[in-house]
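What follows is run_25.cif (mmCIF, C-alpha atoms).
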```cif
data_target
#
loop_
_atom_site.group_PDB
_atom_site.id
_atom_site.type_symbol
_atom_site.label_atom_id
_atom_site.label_comp_id
_atom_site.auth_asym_id
_atom_site.auth_seq_id
_atom_site.Cartn_x
_atom_site.Cartn_y
_atom_site.Cartn_z
ATOM 1 C CA MET A 12 262.015 -19.045 147.966
ATOM 2 C CA GLU A 13 259.349 -16.349 148.098
ATOM 3 C CA PHE A 14 257.011 -18.633 146.147
ATOM 4 C CA ILE A 15 257.333 -21.430 148.732
ATOM 5 C CA LYS A 16 256.756 -18.911 151.543
ATOM 6 C CA ASP A 17 253.602 -17.653 149.839
ATOM 7 C CA ILE A 18 252.270 -21.205 149.388
ATOM 8 C CA ILE A 19 252.855 -22.111 153.068
ATOM 9 C CA THR A 20 251.250 -18.846 154.198
ATOM 10 C CA GLY A 21 248.256 -19.467 151.940
ATOM 11 C CA ILE A 22 247.709 -22.952 153.358
ATOM 12 C CA PHE A 23 247.867 -21.624 156.935
ATOM 13 C CA PHE A 24 245.477 -18.757 156.132
ATOM 14 C CA PHE A 25 243.038 -21.191 154.482
ATOM 15 C CA ILE A 26 242.947 -23.458 157.548
ATOM 16 C CA GLY A 27 242.560 -20.431 159.836
ATOM 17 C CA SER A 28 239.722 -18.959 157.757
ATOM 18 C CA MET A 29 237.850 -22.278 157.711
ATOM 19 C CA SER A 30 238.354 -22.556 161.480
ATOM 20 C CA ILE A 31 236.942 -19.124 162.329
ATOM 21 C CA ILE A 32 233.985 -19.435 159.926
ATOM 22 C CA ILE A 33 233.060 -22.890 161.308
ATOM 23 C CA GLY A 34 233.413 -21.507 164.837
ATOM 24 C CA ALA A 35 231.125 -18.548 164.072
ATOM 25 C CA CYS A 36 228.493 -20.844 162.522
ATOM 26 C CA GLY A 37 228.673 -23.046 165.622
ATOM 27 C CA LEU A 38 228.290 -19.987 167.850
ATOM 28 C CA ILE A 39 224.989 -19.265 166.094
ATOM 29 C CA LYS A 40 223.671 -22.816 165.755
ATOM 30 C CA LEU A 41 224.523 -24.520 169.069
ATOM 31 C CA PRO A 42 221.693 -24.409 171.627
ATOM 32 C CA ASP A 43 223.316 -23.581 174.961
ATOM 33 C CA VAL A 44 225.966 -21.494 176.745
ATOM 34 C CA PHE A 45 227.986 -24.558 177.712
ATOM 35 C CA SER A 46 228.115 -25.809 174.143
ATOM 36 C CA ARG A 47 228.785 -22.371 172.666
ATOM 37 C CA ILE A 48 231.981 -22.224 174.753
ATOM 38 C CA HIS A 49 233.248 -25.064 172.544
ATOM 39 C CA ALA A 50 232.793 -22.998 169.363
ATOM 40 C CA ALA A 51 234.382 -19.924 170.965
ATOM 41 C CA GLY A 52 237.371 -22.007 172.034
ATOM 42 C CA MET A 53 237.765 -23.238 168.465
ATOM 43 C CA ILE A 54 237.983 -19.648 167.213
ATOM 44 C CA ASP A 55 240.395 -18.666 169.984
ATOM 45 C CA THR A 56 242.846 -21.535 169.471
ATOM 46 C CA GLY A 57 242.575 -22.732 165.853
ATOM 47 C CA GLY A 58 241.974 -19.431 164.127
ATOM 48 C CA THR A 59 244.509 -17.417 166.096
ATOM 49 C CA ALA A 60 247.225 -20.095 165.914
ATOM 50 C CA PHE A 61 247.025 -20.594 162.153
ATOM 51 C CA PHE A 62 246.748 -16.891 161.279
ATOM 52 C CA LEU A 63 249.720 -16.028 163.499
ATOM 53 C CA LEU A 64 251.744 -18.954 162.065
ATOM 54 C CA GLY A 65 251.071 -17.698 158.547
ATOM 55 C CA MET A 66 252.198 -14.184 159.432
ATOM 56 C CA ILE A 67 255.312 -15.549 161.212
ATOM 57 C CA VAL A 68 256.300 -17.492 158.058
ATOM 58 C CA GLN A 69 255.807 -14.334 156.007
ATOM 59 C CA SER A 70 257.813 -11.980 158.258
ATOM 60 C CA GLY A 71 260.983 -14.002 158.860
ATOM 61 C CA TRP A 72 263.350 -13.266 161.764
ATOM 62 C CA SER A 73 262.717 -9.767 163.084
ATOM 63 C CA LEU A 74 261.010 -7.814 165.871
ATOM 64 C CA ILE A 75 257.642 -8.428 164.194
ATOM 65 C CA THR A 76 257.971 -12.158 164.880
ATOM 66 C CA VAL A 77 258.519 -11.460 168.582
ATOM 67 C CA LYS A 78 255.366 -9.331 168.706
ATOM 68 C CA LEU A 79 253.329 -12.022 166.921
ATOM 69 C CA ILE A 80 254.562 -14.711 169.349
ATOM 70 C CA LEU A 81 253.669 -12.363 172.236
ATOM 71 C CA ILE A 82 250.094 -12.001 170.956
ATOM 72 C CA GLY A 83 249.838 -15.778 170.547
ATOM 73 C CA ILE A 84 251.092 -16.545 174.060
ATOM 74 C CA PHE A 85 248.770 -13.958 175.600
ATOM 75 C CA ILE A 86 245.653 -15.200 173.791
ATOM 76 C CA PHE A 87 246.552 -18.841 174.584
ATOM 77 C CA PHE A 88 246.699 -18.036 178.297
ATOM 78 C CA THR A 89 243.653 -15.761 178.570
ATOM 79 C CA SER A 90 241.144 -17.701 176.436
ATOM 80 C CA PRO A 91 240.781 -20.727 178.800
ATOM 81 C CA VAL A 92 240.583 -18.359 181.797
ATOM 82 C CA THR A 93 237.662 -16.448 180.245
ATOM 83 C CA SER A 94 235.882 -19.674 179.233
ATOM 84 C CA HIS A 95 236.270 -21.075 182.752
ATOM 85 C CA ILE A 96 234.974 -17.909 184.425
ATOM 86 C CA THR A 97 231.945 -17.787 182.101
ATOM 87 C CA ALA A 98 231.046 -21.464 182.586
ATOM 88 C CA ASN A 99 231.520 -21.292 186.360
ATOM 89 C CA LEU A 100 229.322 -18.199 186.687
ATOM 90 C CA ALA A 101 226.637 -19.695 184.427
ATOM 91 C CA ARG A 102 226.615 -22.792 186.647
ATOM 92 C CA GLN A 103 226.361 -20.647 189.811
ATOM 93 C CA LYS A 104 223.408 -18.724 188.330
ATOM 94 C CA LYS A 105 221.663 -22.090 187.750
ATOM 95 C CA ILE A 106 221.456 -22.136 183.964
ATOM 96 C CA ILE A 107 220.404 -25.657 182.976
ATOM 97 C CA PRO A 108 222.164 -27.398 180.078
ATOM 98 C CA VAL A 109 219.988 -28.697 177.249
ATOM 99 C CA GLY A 110 218.952 -32.307 177.848
ATOM 100 C CA LYS A 111 219.589 -32.376 181.608
ATOM 101 C CA LYS A 112 216.964 -32.763 184.301
ATOM 102 C CA ILE A 113 216.778 -30.116 187.011
ATOM 103 C CA GLY A 114 217.259 -32.602 189.857
ATOM 104 C CA LYS A 115 220.471 -34.065 188.460
ATOM 105 C CA LEU A 116 222.275 -30.723 188.245
ATOM 106 C CA LEU A 117 224.506 -29.460 191.067
ATOM 107 C CA MET B 26 245.960 -13.477 150.228
ATOM 108 C CA TYR B 27 245.680 -10.990 153.082
ATOM 109 C CA LEU B 28 242.489 -9.603 151.517
ATOM 110 C CA ALA B 29 240.853 -13.056 151.473
ATOM 111 C CA ALA B 30 241.749 -13.583 155.136
ATOM 112 C CA LEU B 31 240.332 -10.134 155.992
ATOM 113 C CA ILE B 32 237.079 -11.008 154.177
ATOM 114 C CA ALA B 33 236.867 -14.262 156.180
ATOM 115 C CA CYS B 34 237.345 -12.254 159.398
ATOM 116 C CA GLY B 35 234.545 -9.893 158.302
ATOM 117 C CA ILE B 36 232.082 -12.717 157.557
ATOM 118 C CA SER B 37 232.853 -14.353 160.888
ATOM 119 C CA GLY B 38 232.429 -11.026 162.703
ATOM 120 C CA ILE B 39 229.009 -10.456 161.126
ATOM 121 C CA LEU B 40 227.902 -13.968 162.193
ATOM 122 C CA ILE B 41 229.056 -13.285 165.761
ATOM 123 C CA LEU B 42 227.201 -9.934 165.782
ATOM 124 C CA ILE B 43 223.996 -11.870 165.007
ATOM 125 C CA ARG B 44 224.625 -13.980 168.134
ATOM 126 C CA ILE B 45 225.235 -10.825 170.206
ATOM 127 C CA ILE B 46 221.882 -9.410 169.072
ATOM 128 C CA LEU B 47 219.911 -12.672 169.473
ATOM 129 C CA GLY B 48 221.586 -13.991 172.641
ATOM 130 C CA LYS B 49 219.177 -14.875 175.411
ATOM 131 C CA THR B 50 221.309 -14.733 178.542
ATOM 132 C CA THR B 51 224.109 -12.377 179.549
ATOM 133 C CA PHE B 52 226.707 -15.154 179.311
ATOM 134 C CA ASP B 53 226.003 -15.662 175.600
ATOM 135 C CA ARG B 54 226.633 -11.999 174.939
ATOM 136 C CA VAL B 55 229.798 -11.839 177.058
ATOM 137 C CA LEU B 56 231.226 -14.953 175.372
ATOM 138 C CA ALA B 57 230.392 -13.630 171.896
ATOM 139 C CA ILE B 58 231.892 -10.197 172.652
ATOM 140 C CA ASN B 59 235.121 -11.830 173.870
ATOM 141 C CA THR B 60 235.312 -13.918 170.686
ATOM 142 C CA LEU B 61 234.622 -10.830 168.553
ATOM 143 C CA GLY B 62 237.528 -9.109 170.302
ATOM 144 C CA THR B 63 239.834 -11.996 169.396
ATOM 145 C CA ILE B 64 238.757 -11.748 165.745
ATOM 146 C CA ILE B 65 239.358 -7.979 165.815
ATOM 147 C CA VAL B 66 242.913 -8.606 167.106
ATOM 148 C CA ILE B 67 243.572 -10.937 164.148
ATOM 149 C CA GLY B 68 241.990 -8.374 161.813
ATOM 150 C CA ILE B 69 244.211 -5.531 163.053
ATOM 151 C CA ALA B 70 247.340 -7.650 162.533
ATOM 152 C CA LEU B 71 246.201 -8.713 159.042
ATOM 153 C CA HIS B 72 245.395 -5.113 158.114
ATOM 154 C CA GLY B 73 248.876 -4.065 159.136
ATOM 155 C CA PHE B 74 250.403 -6.732 156.904
ATOM 156 C CA TYR B 75 247.992 -5.892 154.056
ATOM 157 C CA THR B 76 248.925 -2.227 153.938
ATOM 158 C CA GLY B 77 252.644 -2.969 154.430
ATOM 159 C CA ARG B 78 252.914 -1.319 157.846
ATOM 160 C CA PRO B 79 253.364 -3.991 160.567
ATOM 161 C CA GLU B 80 253.496 -1.355 163.326
ATOM 162 C CA PHE B 81 249.801 -2.056 163.848
ATOM 163 C CA LEU B 82 250.860 -5.105 165.907
ATOM 164 C CA ASP B 83 251.381 -2.839 168.947
ATOM 165 C CA ILE B 84 247.720 -1.836 168.734
ATOM 166 C CA ALA B 85 246.800 -5.527 168.456
ATOM 167 C CA ILE B 86 248.725 -6.347 171.668
ATOM 168 C CA VAL B 87 246.989 -3.523 173.566
ATOM 169 C CA TYR B 88 243.585 -4.601 172.214
ATOM 170 C CA ALA B 89 244.157 -8.177 173.422
ATOM 171 C CA LEU B 90 245.039 -6.919 176.931
ATOM 172 C CA ILE B 91 242.015 -4.605 177.176
ATOM 173 C CA ASN B 92 239.710 -7.328 175.827
ATOM 174 C CA PHE B 93 240.642 -9.717 178.643
ATOM 175 C CA ILE B 94 240.392 -7.047 181.360
ATOM 176 C CA GLY B 95 236.998 -5.859 180.079
ATOM 177 C CA THR B 96 235.524 -9.361 179.970
ATOM 178 C CA VAL B 97 236.651 -10.174 183.510
ATOM 179 C CA ALA B 98 235.332 -6.798 184.770
ATOM 180 C CA VAL B 99 231.889 -7.313 183.202
ATOM 181 C CA LEU B 100 231.640 -10.838 184.645
ATOM 182 C CA LYS B 101 232.670 -9.631 188.104
ATOM 183 C CA LEU B 102 230.130 -6.822 187.983
ATOM 184 C CA PHE B 103 227.428 -9.294 186.963
ATOM 185 C CA SER B 104 228.482 -11.770 189.658
ATOM 186 C CA THR B 105 228.796 -9.618 192.769
ATOM 187 C CA GLY B 106 227.003 -6.405 191.835
ATOM 188 C CA SER B 107 230.035 -4.191 192.450
ATOM 189 C CA LEU B 108 233.544 -3.726 191.098
ATOM 190 C CA GLY B 109 235.338 -4.129 194.407
ATOM 191 C CA ASP B 110 233.994 -1.222 196.441
ATOM 192 C CA ILE B 111 234.622 -1.079 200.164
ATOM 193 C CA LYS B 112 231.392 -2.007 201.905
ATOM 194 C CA LYS B 113 230.620 -0.670 205.363
#
```
Would you give me this structure, written as structure tokens?
Amino acid sequence: MEFIKDIITGIFFFIGSMSIIIGACGLIKLPDVFSRIHAAGMIDTGGTAFFLLGMIVQSGWSLITVKLILIGIFIFFTSPVTSHITANLARQKKIIPVGKKIGKLL
Amino acid sequence: MYLAALIACGISGILILIRIILGKTTFDRVLAINTLGTIIVIGIALHGFYTGRPEFLDIAIVYALINFIGTVAVLKLFSTGSLGDIKK
């Protein structure tokens, strides 16, 4: 039973590691604030969800599981709020997305 | 297994630090710092499991709370120029 748990945890950790490394590469390579929000959202949802799922499988039913679910719920609610505030403020400060004309914005 | 995940978190954190140094506008830096905070939360939890002491999860919860509050405070300061002072 421990062997099956370890395999499931390893698969979840692999998907989470790929997700956060791809997100960090996108955060460097993408050209604009509005497109970098996409990469940051990938780290915040994909990476966090799969790492926490792997640790939940490993810990079983205990108080540790409750704490992990609490971290997951909190990050899932605060990540879209932060992305929305950043994008809204960047739009108010008149930062132009790549490929848009100035007259078509706002 | 936990060590490989911690190494992935470290590589990703170094890549995000490059964006914090190179970022042109303030919004790039704020977004990258918020993402780095999320990766640090995952790293604290993984470190607790790696050393066999899962009590580090309390620190991870507190770090997630302070990360959100700090990001919103920096954006409000950049937006309005004050943190809610009473203006006469």
| request: Could you list the residues in chain B lying within 8 Å of chain A, using only C-alpha atoms, and format the result as an MDAnalysis selection string? | output: chainID B and resid 26 30 33:34 36:38 40:41 43:44 52:53 56:57 60 63 67 79 82:83 85:86 89 93 96:97 100 104
| task | State, in Å with one decimal place, the distance from CA of Tyr27 (chain B) to CA of Ile84 (chain A). | result | 22.4 Å
Ile69 (chain B) surroundings by all atoms listed in the file, 7 Å radius, close-in-sequence under 4 positions cut, as a PDB file with C-alpha atoms, keeping the file's coordinate frame:
```pdb
ATOM      1  CA  ILE B  65     239.358  -7.979 165.815  1.00  0.00           C
ATOM      2  CA  GLY B  73     248.876  -4.065 159.136  1.00  0.00           C
ATOM      3  CA  PHE B  81     249.801  -2.056 163.848  1.00  0.00           C
ATOM      4  CA  ALA B  85     246.800  -5.527 168.456  1.00  0.00           C
TER       5      ALA B  85
END
```
| task | May I ask for the distance between CA of Asn59 (chain B) and CA of Leu47 (chain B), given in Å to one decimal place? | result | 15.9 Å
